[in-house]
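S.K.: Just dropping this structure here.
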Amino acid sequence: METITQLIIKICIETILISGILGYLLNKREERMKKTIEEEFNKRGTFFTARFNFKLRSLEELLAPIMLQLIRSKLTLKKYDANNEFREKILKECNETILDLLLTKGFLLPTELIPHAEEFINHYDNWLQEYKKRRLDNNDKETRLVFTYDFPHKAEKVFREKFDTYRKELEIEGSLN
């Protein structure tokens, strides 16, 4: 028969072994959970970084230059008078620049702007064709102003809203101070 001392030692050893095994298993489980959580945070970080970078590039390389060209063309149109070659040249330059930006930087367009970009492309193609026909091909000085009357005002509004949204989301002004 076992003595009480042997029984106590046996119980202590079993308890230590069981505690060690449980501790080891719980530690491994905790490490797996930490690794899973870390991987998830890395995925989310990569996702948010990619979104941030896309918005920043879209703003810097596409939306801001388009907005400035739209502003410039609007200012030019306010002072556009009959056969003013200087103003017409500015307008043509603005139209060509916006068209070029849309075609070369279209990969930076947010998906919801693609139909509006299509409207811009259509308008600028039409205007440039009309300009070429009247001023270059026919050397027409009689036509006072070259217009196609199909400017997509809604597209301009949507582009401006996206520009403002991205500036606000990226807190451009806040980061410059």
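By order in the structure tokens, chains are A, B, ...; within a chain, residues start at 1; ligands start at 1, following the order shown.
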Tell me, as a count of residues only, which residues lie within 12 Å of A:Asn84, counting only C-alpha atoms; anything in the same chain fewer than 3 positions away does not count.
M.R.: 16
S.K.: Where in stretch 33-105 of chain A does DSSP assign alpha helix (DSSP H), given as a VMD selection string?
M.R.: chain A and resid 33 to 58 64 to 78 85 to 104
S.K.: For A:Pro65, work out the shell of residues within 10 Å, counting only C-alpha atoms and skipping chain neighbours fewer than 6 positions away, then give it as a count of residues only.
M.R.: 6
S.K.: Using only C-alpha atoms, which residue out of A:Lys132, A:Arg160, A:Ile37, A:Leu109 lies closest to A:Leu56?
M.R.: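 Using only C-alpha atoms, the shortest distance to A:Leu56 belongs to A:Leu109.
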S.K.: Might you pull out every residue within 12 Å of A:Ile114, with only C-alpha atoms counted and same-chain residues fewer than 6 positions away left off, and present them as a PyMOL selection string?
M.R.: chain A and resi 102-103+105-108+120-121+155+158-159
S.K.: Find, counting only C-alpha atoms, the residue in A:Phe147, A:Phe52, A:Ser19, A:Lys28 that gets nearest to A:Glu171.
M.R.: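 Among the listed residues, A:Phe52 lies closest to A:Glu171.
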S.K.: Nearest residue to A:Pro115 out of A:Lys154, A:Lys78, A:Lys10, A:Lys133, using only C-alpha atoms?
M.R.: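 Going through A:Lys154, A:Lys78, A:Lys10, A:Lys133 one by one, the smallest distance to A:Pro115 is for A:Lys154.
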